[in-house]
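Below: input.cif (mmCIF, C-alpha atoms)
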```
data_protein
loop_
_atom_site.label_atom_id
_atom_site.label_comp_id
_atom_site.auth_asym_id
_atom_site.auth_seq_id
_atom_site.Cartn_x
_atom_site.Cartn_y
_atom_site.Cartn_z
CA MET W 513 -6.56 -9.67 -23.53
CA ASN W 514 -3.35 -11.09 -25.05
CA GLY W 515 0.01 -9.34 -25.47
CA LEU W 516 -0.75 -8.10 -29.00
CA GLN W 517 -4.13 -6.71 -27.94
CA ARG W 518 -2.54 -4.90 -25.02
CA LEU W 519 0.10 -3.40 -27.29
CA VAL W 520 -2.49 -2.23 -29.83
CA SER W 521 -4.63 -0.78 -27.03
CA ARG W 522 -1.73 1.18 -25.57
CA CYS W 523 -0.71 2.42 -29.02
CA VAL W 524 -4.26 3.62 -29.73
CA VAL W 525 -4.45 5.39 -26.38
CA GLY W 526 -1.03 6.93 -26.93
CA ALA W 527 -1.88 8.08 -30.46
CA ALA W 528 -5.14 9.62 -29.27
CA GLY W 529 -3.32 11.47 -26.52
CA ALA W 530 -0.68 12.78 -28.90
CA LEU W 531 -3.39 14.02 -31.28
CA ALA W 532 -5.15 15.80 -28.42
CA VAL W 533 -1.96 17.58 -27.42
CA ALA W 534 -1.22 18.56 -31.03
CA MET W 535 -4.69 20.10 -31.31
CA GLY W 536 -4.27 22.00 -28.08
CA PHE W 537 -6.32 19.73 -25.84
CA GLY W 538 -5.04 17.97 -22.71
CA PRO W 539 -1.70 18.16 -20.96
CA ALA W 540 1.67 17.86 -22.66
CA PRO W 541 3.40 14.50 -22.27
CA ALA W 542 5.23 14.19 -18.95
CA LYS W 543 9.00 14.03 -18.97
CA ALA W 544 10.37 10.59 -18.19
CA GLN W 545 11.08 10.38 -14.45
CA ASP W 546 13.84 8.46 -12.77
CA TYR W 547 13.05 6.59 -9.58
CA GLU W 548 14.31 4.39 -6.78
CA ILE W 549 12.80 1.29 -5.17
CA TRP W 550 12.76 1.38 -1.36
CA ALA W 551 12.21 -2.08 0.13
CA LEU W 552 11.86 -2.93 3.83
CA ASP W 553 13.29 -6.11 5.29
CA GLN W 554 11.28 -6.33 8.49
CA GLY W 555 13.21 -9.38 9.63
CA THR W 556 16.64 -7.72 9.59
CA HIS W 557 15.35 -4.13 10.19
CA LEU W 558 17.16 -2.97 7.04
CA LEU W 559 16.01 -0.56 4.35
CA HIS W 560 17.34 -1.46 0.89
CA ILE W 561 17.38 1.17 -1.86
CA TYR W 562 17.69 0.19 -5.53
CA SER W 563 18.07 2.34 -8.61
CA SER W 564 15.79 2.03 -11.64
CA GLU W 565 18.61 -0.06 -13.12
CA LEU W 566 18.05 -2.56 -10.28
CA GLU W 567 21.39 -1.85 -8.64
CA GLU W 568 21.51 -1.50 -4.87
CA VAL W 569 22.65 2.08 -4.24
CA ASP W 570 22.24 2.26 -0.48
CA ARG W 571 21.03 0.44 2.60
CA VAL W 572 20.03 1.95 5.92
CA ASP W 573 20.33 0.05 9.19
CA LEU W 574 17.09 1.12 10.82
CA GLY W 575 17.68 -1.34 13.64
CA ALA W 576 20.75 0.61 14.74
CA ALA W 577 18.42 3.56 15.39
CA GLY W 578 16.10 1.42 17.53
CA VAL W 579 13.53 0.67 14.81
CA ARG W 580 11.98 -2.79 15.01
CA VAL W 581 10.00 -4.54 12.26
CA PRO W 582 9.78 -1.74 9.66
CA HIS W 583 6.54 -2.67 7.93
CA MET W 584 5.18 -0.08 5.47
CA ILE W 585 6.52 2.99 3.64
CA ASP W 586 5.20 6.10 1.90
CA PHE W 587 6.67 9.35 0.52
CA THR W 588 5.81 13.02 0.22
CA SER W 589 4.70 13.93 -3.29
CA ASP W 590 8.09 15.48 -4.09
CA GLY W 591 9.92 12.40 -2.84
CA ALA W 592 11.85 14.44 -0.29
CA TYR W 593 10.81 12.45 2.79
CA ALA W 594 9.94 8.84 3.49
CA PHE W 595 7.75 7.65 6.36
CA ILE W 596 8.25 4.15 7.72
CA ALA W 597 5.70 2.54 10.02
CA SER W 598 7.14 -0.11 12.34
CA THR W 599 5.00 -2.63 14.17
CA GLY W 600 7.77 -3.75 16.53
CA SER W 601 8.87 -0.36 17.85
CA GLY W 602 5.45 1.30 17.49
CA ASP W 603 6.59 4.42 15.67
CA ILE W 604 6.99 6.36 12.45
CA THR W 605 10.53 6.92 11.22
CA VAL W 606 11.04 9.97 8.98
CA VAL W 607 13.91 9.65 6.50
CA ARG W 608 15.25 12.53 4.43
CA THR W 609 15.62 10.82 1.10
CA ASP W 610 18.48 12.72 -0.54
CA ASP W 611 21.04 11.79 2.13
CA ARG W 612 19.15 8.87 3.78
CA GLU W 613 19.28 10.57 7.19
CA ILE W 614 16.73 9.76 9.89
CA VAL W 615 15.39 13.16 10.91
CA ALA W 616 12.69 12.02 13.35
CA ARG W 617 11.18 9.04 15.13
CA LEU W 618 7.68 9.66 16.39
CA GLU W 619 6.00 7.28 18.84
CA THR W 620 2.51 6.53 17.60
CA GLY W 621 1.49 3.41 19.52
CA PRO W 622 1.83 -0.38 19.74
CA ARG W 623 2.02 -2.21 16.43
CA THR W 624 1.94 0.87 14.20
CA HIS W 625 1.10 -0.71 10.85
CA ALA W 626 1.03 1.95 8.12
CA SER W 627 1.77 5.63 7.52
CA THR W 628 0.18 7.30 4.50
CA VAL W 629 0.83 10.86 3.31
CA LYS W 630 -2.12 13.11 2.49
CA PRO W 631 -2.27 14.26 -1.15
CA ASP W 632 -1.30 17.84 -0.25
CA ASP W 633 1.59 16.66 2.00
CA SER W 634 0.17 18.63 4.94
CA ALA W 635 0.01 15.59 7.21
CA ILE W 636 0.66 11.89 7.49
CA ILE W 637 -1.81 9.58 9.19
CA ALA W 638 -0.58 6.49 11.00
CA ALA W 639 -2.77 3.39 11.32
CA VAL W 640 -2.13 1.75 14.69
CA ILE W 641 -3.23 -1.80 15.50
CA GLY W 642 -2.81 -1.29 19.25
CA SER W 643 -1.80 -3.58 22.06
CA ALA W 644 -2.40 -7.32 21.82
CA ASP W 645 -3.82 -7.15 25.34
CA ASP W 646 -6.37 -4.43 24.61
CA TYR W 647 -9.50 -5.38 22.72
CA ARG W 648 -10.35 -2.06 21.06
CA ASP W 649 -7.48 0.42 21.30
CA GLY W 650 -6.74 0.63 17.57
CA LYS W 651 -6.35 4.24 16.53
CA LEU W 652 -5.41 6.78 13.89
CA VAL W 653 -2.64 9.26 14.66
CA GLU W 654 -1.98 12.46 12.73
CA ILE W 655 1.56 13.65 12.06
CA VAL W 656 1.65 17.32 11.05
CA ASN W 657 4.09 18.48 8.39
CA ASN W 658 5.26 21.93 9.47
CA GLY W 659 7.68 22.22 6.55
CA ASN W 660 11.47 22.23 6.35
CA GLY W 661 11.69 18.75 7.79
CA ASP W 662 9.72 19.54 10.95
CA PHE W 663 7.15 16.89 11.83
CA GLU W 664 5.13 16.56 15.03
CA ILE W 665 2.30 14.49 16.47
CA GLY W 666 -1.10 16.10 16.01
CA ARG W 667 -4.55 14.69 16.72
CA GLU W 668 -5.47 11.07 17.36
CA LEU W 669 -8.68 9.07 17.28
CA VAL W 670 -9.31 5.79 19.07
CA ILE W 671 -11.73 4.29 16.56
CA ALA W 672 -13.94 2.49 19.08
CA GLU W 673 -14.46 5.75 21.00
CA ASP W 674 -15.96 7.66 18.08
CA PRO W 675 -19.73 8.29 18.47
CA ARG W 676 -20.49 7.03 14.98
CA PHE W 677 -18.75 3.74 15.75
CA ALA W 678 -20.96 3.28 18.80
CA ASP W 679 -24.02 2.90 16.57
CA SER W 680 -22.77 -0.49 15.36
CA GLU W 681 -20.12 -1.47 17.91
CA ASP W 682 -21.75 -4.84 18.63
CA ARG W 683 -21.11 -5.87 15.01
CA PHE W 684 -17.33 -5.57 15.44
CA ASN W 685 -14.79 -7.78 17.16
CA ASP W 686 -11.30 -6.49 17.85
CA VAL W 687 -10.81 -3.01 16.37
CA ALA W 688 -7.40 -2.27 14.90
CA ALA W 689 -6.41 0.10 12.08
CA ILE W 690 -4.49 -1.60 9.25
CA CYS W 691 -4.16 0.30 5.95
CA HIS W 692 -5.63 3.40 4.35
CA ASP W 693 -5.71 5.63 1.31
CA TYR W 694 -7.32 9.01 0.67
CA SER W 695 -9.95 10.46 -1.59
CA ALA W 696 -8.36 12.61 -4.30
CA ASP W 697 -8.94 15.82 -2.34
CA GLY W 698 -7.59 14.30 0.89
CA ARG W 699 -10.82 14.98 2.77
CA HIS W 700 -11.49 11.32 3.57
CA ALA W 701 -9.27 8.41 4.57
CA TYR W 702 -10.59 4.90 3.89
CA VAL W 703 -9.22 2.70 6.70
CA THR W 704 -9.39 -1.09 6.75
CA LEU W 705 -9.50 -2.91 10.09
CA GLY W 706 -8.00 -6.26 11.07
CA PRO W 707 -5.53 -7.85 10.91
CA GLY W 708 -7.65 -11.03 10.89
CA LEU W 709 -10.61 -11.01 8.52
CA ASP W 710 -13.00 -11.69 11.41
CA ASP W 711 -11.77 -8.41 12.89
CA GLY W 712 -12.07 -6.56 9.59
CA GLY W 713 -14.38 -3.89 8.29
CA LEU W 714 -13.89 -0.33 7.12
CA VAL W 715 -14.16 3.13 8.61
CA ILE W 716 -14.02 6.38 6.66
CA LEU W 717 -12.25 9.22 8.49
CA ASP W 718 -13.07 12.87 7.88
CA THR W 719 -9.51 14.22 7.94
CA GLU W 720 -10.66 17.79 8.67
CA SER W 721 -12.69 17.06 11.80
CA PHE W 722 -10.72 13.89 12.61
CA GLU W 723 -13.96 12.05 13.25
CA LEU W 724 -15.55 9.09 11.52
CA ALA W 725 -17.77 9.89 8.56
CA LYS W 726 -18.98 6.34 7.87
CA VAL W 727 -18.63 2.84 9.31
CA PHE W 728 -18.84 -0.54 7.53
CA PRO W 729 -18.93 -3.55 9.90
CA PRO W 730 -17.17 -6.76 8.79
CA ASP W 731 -20.48 -8.39 7.86
CA VAL W 732 -20.93 -5.62 5.27
CA LEU W 733 -17.33 -5.22 4.06
CA SER W 734 -15.11 -8.24 4.64
CA VAL W 735 -11.83 -6.34 4.22
CA ASN W 736 -8.62 -6.29 6.23
CA CYS W 737 -5.81 -5.08 4.03
CA GLY W 738 -5.18 -3.11 0.85
CA THR W 739 -6.74 0.23 0.03
CA VAL W 740 -5.87 2.15 -3.13
CA LEU W 741 -7.50 4.96 -5.08
CA THR W 742 -7.88 4.67 -8.84
CA VAL W 743 -5.92 7.12 -10.97
CA ASP W 744 -9.06 9.08 -11.88
CA GLY W 745 -9.98 9.36 -8.18
CA HIS W 746 -13.47 7.98 -8.67
CA HIS W 747 -13.13 4.66 -6.86
CA MET W 748 -11.39 3.04 -3.91
CA PHE W 749 -10.30 -0.60 -4.20
CA LEU W 750 -10.24 -2.70 -1.00
CA THR W 751 -9.03 -6.25 -0.32
CA GLY W 752 -9.90 -8.93 2.20
CA GLY W 753 -7.95 -12.11 2.72
CA GLY W 754 -7.45 -15.13 4.92
CA PRO W 755 -6.21 -18.74 4.73
CA GLU W 756 -9.21 -19.78 2.64
CA THR W 757 -10.56 -16.40 1.51
CA GLY W 758 -9.83 -13.81 -1.16
CA VAL W 759 -12.28 -10.99 -1.88
CA TRP W 760 -12.23 -7.40 -3.08
CA TYR W 761 -14.61 -4.46 -3.25
CA VAL W 762 -14.91 -1.12 -4.97
CA ILE W 763 -16.38 2.00 -3.34
CA ASP W 764 -17.55 5.09 -5.21
CA THR W 765 -15.68 7.94 -3.52
CA GLU W 766 -18.45 10.47 -4.27
CA THR W 767 -21.34 8.48 -2.80
CA GLN W 768 -19.22 6.32 -0.43
CA GLU W 769 -21.30 3.34 -1.51
CA VAL W 770 -20.09 -0.12 -2.49
CA VAL W 771 -20.47 -0.52 -6.26
CA HIS W 772 -18.69 -3.83 -6.84
CA GLU W 773 -17.76 -7.03 -5.02
CA ASP W 774 -15.77 -9.92 -6.42
CA ASP W 775 -13.63 -12.97 -5.73
CA SER W 776 -9.84 -12.63 -6.00
CA ARG W 777 -9.47 -16.11 -7.54
CA GLY W 778 -7.16 -17.17 -4.77
CA TYR W 779 -6.52 -17.09 -1.05
CA ASP W 780 -5.36 -14.21 1.14
CA ALA W 781 -5.99 -11.26 -1.20
CA HIS W 782 -3.56 -8.68 0.08
CA GLY W 783 -1.62 -6.01 -1.79
CA VAL W 784 -3.24 -3.96 -4.55
CA TRP W 785 -1.91 -1.05 -6.57
CA ARG W 786 -2.73 1.10 -9.60
CA VAL W 787 -0.72 1.34 -12.81
CA PRO W 788 0.05 5.09 -13.14
CA ASP W 789 -1.24 5.36 -16.72
CA GLY W 790 -4.67 4.42 -15.37
CA SER W 791 -4.98 1.27 -17.47
CA GLU W 792 -4.99 -1.45 -14.81
CA MET W 793 -5.17 -2.40 -11.13
CA TRP W 794 -2.91 -5.24 -9.90
CA MET W 795 -3.85 -7.44 -6.95
CA VAL W 796 -1.96 -10.34 -5.33
CA ASN W 797 -3.10 -13.40 -3.40
CA ARG W 798 -0.42 -14.16 -0.84
CA ILE W 799 -1.18 -17.83 -0.18
CA THR W 800 -1.92 -18.98 -3.72
CA ASP W 801 0.89 -16.84 -5.24
CA ASN W 802 -1.26 -15.59 -8.10
CA VAL W 803 -1.98 -12.14 -9.48
CA ILE W 804 -5.18 -10.75 -10.95
CA ILE W 805 -5.30 -7.70 -13.22
CA ILE W 806 -8.45 -5.58 -13.15
CA ASP W 807 -9.91 -2.93 -15.44
CA PRO W 808 -10.35 0.13 -13.15
CA GLU W 809 -13.41 1.37 -15.06
CA THR W 810 -15.44 -1.79 -15.68
CA PHE W 811 -14.03 -3.77 -12.69
CA GLU W 812 -13.62 -6.78 -14.98
CA ILE W 813 -10.79 -9.18 -14.21
CA ILE W 814 -9.00 -8.96 -17.55
CA GLU W 815 -6.22 -11.42 -16.78
CA GLU W 816 -4.98 -13.84 -14.15
CA VAL W 817 -1.36 -14.93 -13.79
CA GLU W 818 -1.46 -18.15 -11.81
CA GLU W 819 2.24 -18.35 -10.93
CA GLY W 820 5.71 -17.17 -11.83
CA PHE W 821 5.86 -13.74 -10.18
CA GLY W 822 7.39 -15.00 -6.95
CA GLU W 823 6.40 -16.91 -3.84
CA THR W 824 4.18 -15.24 -1.19
CA PRO W 825 3.63 -11.95 -3.06
CA ASP W 826 2.72 -9.28 -0.52
CA ILE W 827 2.85 -5.54 -1.33
CA ILE W 828 3.00 -3.93 -4.80
CA ALA W 829 4.67 -0.76 -6.06
CA VAL W 830 4.80 0.39 -9.71
CA SER W 831 7.33 2.45 -11.65
CA PRO W 832 6.13 5.94 -12.72
CA ASP W 833 6.43 5.00 -16.40
CA SER W 834 3.97 2.11 -15.86
CA ARG W 835 6.57 -0.35 -17.12
CA TYR W 836 7.39 -2.45 -14.06
CA ALA W 837 5.63 -3.80 -10.99
CA PHE W 838 7.73 -4.47 -7.89
CA ILE W 839 6.23 -7.07 -5.55
CA SER W 840 7.66 -7.81 -2.11
CA LEU W 841 8.24 -11.48 -1.24
CA ARG W 842 8.28 -13.02 2.22
CA GLY W 843 10.94 -15.12 3.94
CA PRO W 844 11.13 -18.56 5.56
CA ASN W 845 10.57 -17.09 9.04
CA PRO W 846 7.94 -14.38 8.54
CA VAL W 847 7.72 -11.75 11.27
CA SER W 848 4.07 -10.94 10.51
CA ALA W 849 1.22 -13.27 9.44
CA PRO W 850 3.42 -16.26 10.31
CA HIS W 851 0.88 -18.94 9.47
CA VAL W 852 0.19 -17.83 5.91
CA ALA W 853 3.21 -15.83 4.74
CA VAL W 854 6.03 -18.40 4.64
CA GLY W 855 8.24 -17.90 1.59
CA SER W 856 11.66 -19.00 0.36
CA THR W 857 12.95 -16.04 -1.68
CA PRO W 858 12.81 -12.95 0.60
CA GLY W 859 13.19 -9.79 -1.45
CA PHE W 860 11.10 -8.46 -4.31
CA SER W 861 10.18 -9.53 -7.82
CA VAL W 862 10.39 -7.28 -10.87
CA VAL W 863 7.59 -7.85 -13.39
CA ASP W 864 7.18 -6.42 -16.89
CA ILE W 865 3.62 -5.08 -16.83
CA ALA W 866 2.88 -5.14 -20.55
CA GLU W 867 4.41 -8.57 -21.16
CA ARG W 868 3.25 -10.15 -17.87
CA GLU W 869 6.73 -11.60 -17.46
CA LEU W 870 9.07 -11.94 -14.50
CA VAL W 871 12.23 -9.92 -15.12
CA ASP W 872 14.12 -10.75 -11.94
CA ILE W 873 13.88 -11.61 -8.27
CA ILE W 874 16.04 -9.32 -6.14
CA GLN W 875 17.35 -10.89 -2.92
CA PRO W 876 19.63 -8.59 -0.92
CA ASN W 877 20.12 -11.14 1.90
CA PRO W 878 19.54 -14.57 0.34
CA ASP W 879 21.41 -16.50 3.03
CA ASP W 880 19.92 -14.77 6.04
CA GLU W 881 17.17 -16.89 7.59
CA ALA W 882 15.76 -13.79 9.29
CA SER W 883 15.19 -11.92 6.04
CA ASP W 884 11.48 -11.14 5.50
CA PHE W 885 10.41 -8.38 3.11
CA HIS W 886 7.10 -6.58 3.37
CA GLY W 887 6.76 -2.84 2.67
CA ILE W 888 7.92 -1.51 -0.69
CA GLY W 889 7.57 1.86 -2.39
CA VAL W 890 8.78 3.80 -5.40
CA ARG W 891 10.40 7.18 -4.83
CA VAL W 892 10.23 9.40 -7.90
CA ILE W 893 13.36 11.53 -8.29
CA GLY W 894 13.43 15.14 -9.42
CA GLN W 895 9.72 15.92 -9.43
#
```
Can the structure in the file be given as structure tokens, please?
Amino acid sequence: MNGLQRLVSRCVVGAAGALAVAMGFGPAPAKAQDYEIWALDQGTHLLHIYSSELEEVDRVDLGAAGVRVPHMIDFTSDGAYAFIASTGSGDITVVRTDDREIVARLETGPRTHASTVKPDDSAIIAAVIGSADDYRDGKLVEIVNNGNGDFEIGRELVIAEDPRFADSEDRFNDVAAICHDYSADGRHAYVTLGPGLDDGGLVILDTESFELAKVFPPDVLSVNCGTVLTVDGHHMFLTGGGPETGVWYVIDTETQEVVHEDDSRGYDAHGVWRVPDGSEMWMVNRITDNVIIIDPETFEIIEEVEEGFGETPDIIAVSPDSRYAFISLRGPNPVSAPHVAVGSTPGFSVVDIAERELVDIIQPNPDDEASDFHGIGVRVIGQ
């Protein structure tokens, strides 16, 4: 699909939507929303906050609060709180977004990798890799949202200790929780394992009982990184990557069955994210520096951008107006995945989604050899 075809397609979809609203069908058009980009430099332990105009409006020294290697970030649906998972300090840092104050640090376990907020904001689940000296201590830890900025540790599940895991435990190697996303109703969390692809696989957590609902060994699902739900909630996209591997899968969230498997057309398939208007899914290959763009309904790869969006693309976030993709870029001395994630422009790239063009590469600390960006998220303002 070329640029003109994409423009015509979006115009047709937009015209159809406007006609539906005029006739009394469908929701009214959403008001344009402002936003901020929150980017984590895990090498310097700094949080950088940029406006939608790409101006740095704040930076938070997480290291001064004892945080080490801030790795991934997520927000409550109203954008009021941010949750930062840190592999070095093994915790979740809660930041009140309006004044950038750290309101809590919750110890969740060694090499805490990700923290993802449930759709109803009632809880946050942390994915914990576990100790490097323990073969199967990877776990999931619940953080309960009591309201008014009060967060506390709830339940936890050591994955290898769940009875359902025991049925196929000999088909797994090391067991460590990496990334996860939820079904639309929040009932299930789809959790990739890793971090190496040989240690991969997927478990599906029932978030009500806090027990496993389904287990996919690595010989069934070769995944170890990204998980993201499509806008319509019908499918979960999963990625698997290594030095000479790039694969992705799609699971039907109603049946919990794999409905598609494909090659990522590169090595080390990693970050994946949805365009909010539901038109596309974007996926990056960290080693080969390329991006593939996927139709979320047909699962067809509709376009591949071989280069030009930045070196060592890692994690993707997208503006709420579906205009820009923000892709974190690694540094010359990567703190995580050191053998595959060496880059030269630590920061994040800004890409025009419709035009498939690089707008800018933002480098807050271009001369700092320790700089190494990873987690990135978009905070919508005034929801």
* Structure fact -> From atom CA of W:Val762 to atom CA of W:Asp697 the spacing works out at 18.2 Å
* Asked: Can you list what the PyMOL selection byres ((chain W and resi 700-703) around 7) grabs from this structure, as number ranges by chain?
  -> W: 689-695, 698-699, 704-705, 714-719
For the interface of stretch 578-678 of chain W with stretch 870-886 of chain W (cut-off 10 Å, counting only C-alpha atoms), please tabulate each contacting residue of stretch 578-678 of chain W alongside its nearest pair of atoms and their separation in Å to one decimal, rows sorted by chain and increasing number, as a Markdown table.
```
| residue | atom | partner | partner_atom | distance |
| --- | --- | --- | --- | --- |
| W:Val581 | CA | W:Asp884 | CA | 9.6 |
| W:Pro582 | CA | W:His886 | CA | 8.4 |
| W:His583 | CA | W:His886 | CA | 6.0 |
| W:Met584 | CA | W:His886 | CA | 7.1 |
| W:Ile585 | CA | W:His886 | CA | 9.6 |
```
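When atom CA of W:Lys630 is paired with atom CA of W:Asp774, their separation reads 28.2 Å.
If you measure from each of W:Asn685, W:Thr599, W:Thr751, W:Thr767 to W:Pro730 using all atoms listed in the file, the closest one turns out to be W:Asn685.
Across W:Arg835, W:Ser601, W:Asp679, W:Arg777, the tightest approach to W:Ile813 is made by W:Arg777 when counting all atoms listed in the file.
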* Asked: Within 12 Å of W:Arg676, counting all atoms listed in the file, which residues qualify if same-chain residues fewer than 2 places away don't, as number ranges by chain?
  -> W: 670-674, 678-681, 715-718, 723-729
* Atomic distance atom CA of W:Phe821 - atom CA of W:Ile799, expressed in Å with one decimal -> 12.9 Å
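Considering all atoms listed in the file, the residue among W:Gly708, W:Arg608, W:Leu841, W:Glu869 positioned nearest to W:Ser856 is W:Leu841.
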* To do: Evaluate the PyMOL selection byres ((chain W and resi 612-621) around 9) here and jot the selected residues down as a ChimeraX atom specification.
  => /W:570-572,574,577,579,599,601-611,622-624,638-643,650-655,661-665
* **Expected selection from the PyMOL selection byres ((chain W and resi 745) around 9), given as a list in words** => Ser695, Ala696, Asp697, Leu741, Thr742, Val743, Asp744, His746, His747, Met748 and Thr765 of chain W
* Find the spatial neighbours of W:Gly790, counting all atoms listed in the file, within a cut-off of 10 Å - ignore same-chain residues fewer than 3 positions away - and output them as JSON, numbers by chain. => {"W": [742, 743, 744, 786, 787, 793, 807, 808, 809, 834]}
* Neighbours of W:Tyr647 within 9 Å (only C-alpha atoms; same-chain residues fewer than 6 positions away dropped), as a ChimeraX atom specification? -> /W:685-688
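The residue that comes closest to W:Val847, out of W:Ser563, W:Ser831, W:Thr588, W:Ser598 and on the basis of only C-alpha atoms, is W:Ser598.
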* Taking (-16.3, -6.4, -11.6) in the file's own coordinates, collect the residues within 6 Å, counting all atoms listed in the file, and hand them back as a VMD selection string. => chain W and resid 772 811 to 812
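The neighbours of W:His560 here are the residues that come within 10 Å of it, using only C-alpha atoms and leaving out any residue fewer than 4 positions away in the same chain; they are Ile549, Trp550, Ala551, Leu552, Asp553, Glu568, Val569, Asp570, Arg571, Val572, Asp573, Gly859, Pro876 and Ile888 of chain W.
Nearest residue to W:His851, choosing from W:Thr739, W:Thr824, W:Ile806, W:Ile865 and counting all atoms listed in the file: W:Thr824.
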Would you fill out stretch 876-894 of chain W with N, CA and C atoms and return it as a short mmCIF file (atom, residue, chain, number, x, y, z; two decimals), in the coordinates of the input?
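Result file is result03.cif:
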```
data_model
loop_
_atom_site.label_atom_id
_atom_site.label_comp_id
_atom_site.auth_asym_id
_atom_site.auth_seq_id
_atom_site.Cartn_x
_atom_site.Cartn_y
_atom_site.Cartn_z
N PRO W 876 18.46 -9.21 -1.52
CA PRO W 876 19.63 -8.59 -0.92
C PRO W 876 20.33 -9.47 0.12
N ASN W 877 19.55 -10.31 0.83
CA ASN W 877 20.12 -11.14 1.90
C ASN W 877 19.68 -12.59 1.73
N PRO W 878 20.09 -13.24 0.64
CA PRO W 878 19.54 -14.57 0.34
C PRO W 878 19.89 -15.65 1.35
N ASP W 879 20.98 -15.46 2.09
CA ASP W 879 21.41 -16.50 3.03
C ASP W 879 21.02 -16.22 4.48
N ASP W 880 20.31 -15.14 4.68
CA ASP W 880 19.92 -14.77 6.04
C ASP W 880 18.53 -15.33 6.33
N GLU W 881 18.45 -16.26 7.26
CA GLU W 881 17.17 -16.89 7.59
C GLU W 881 16.16 -15.92 8.19
N ALA W 882 16.65 -14.78 8.68
CA ALA W 882 15.76 -13.79 9.29
C ALA W 882 15.13 -12.87 8.26
N SER W 883 15.66 -12.85 7.06
CA SER W 883 15.19 -11.92 6.04
C SER W 883 13.71 -12.14 5.73
N ASP W 884 12.94 -11.05 5.69
CA ASP W 884 11.48 -11.14 5.50
C ASP W 884 10.97 -9.79 5.00
N PHE W 885 10.80 -9.66 3.69
CA PHE W 885 10.41 -8.38 3.11
C PHE W 885 8.90 -8.16 3.17
N HIS W 886 8.52 -6.92 3.36
CA HIS W 886 7.10 -6.58 3.37
C HIS W 886 6.85 -5.26 2.64
N GLY W 887 7.06 -4.13 3.29
CA GLY W 887 6.76 -2.84 2.67
C GLY W 887 7.69 -2.52 1.52
N ILE W 888 7.13 -1.92 0.46
CA ILE W 888 7.92 -1.51 -0.69
C ILE W 888 7.27 -0.28 -1.31
N GLY W 889 8.10 0.63 -1.78
CA GLY W 889 7.57 1.86 -2.39
C GLY W 889 8.52 2.37 -3.45
N VAL W 890 7.98 3.18 -4.35
CA VAL W 890 8.78 3.80 -5.40
C VAL W 890 8.90 5.28 -5.11
N ARG W 891 10.12 5.75 -5.02
CA ARG W 891 10.40 7.18 -4.83
C ARG W 891 10.77 7.78 -6.17
N VAL W 892 9.94 8.72 -6.64
CA VAL W 892 10.23 9.40 -7.90
C VAL W 892 11.24 10.50 -7.64
N ILE W 893 12.27 10.58 -8.47
CA ILE W 893 13.36 11.53 -8.29
C ILE W 893 13.16 12.74 -9.20
N GLY W 894 13.42 13.91 -8.62
CA GLY W 894 13.43 15.14 -9.42
C GLY W 894 12.09 15.61 -9.90
#
```
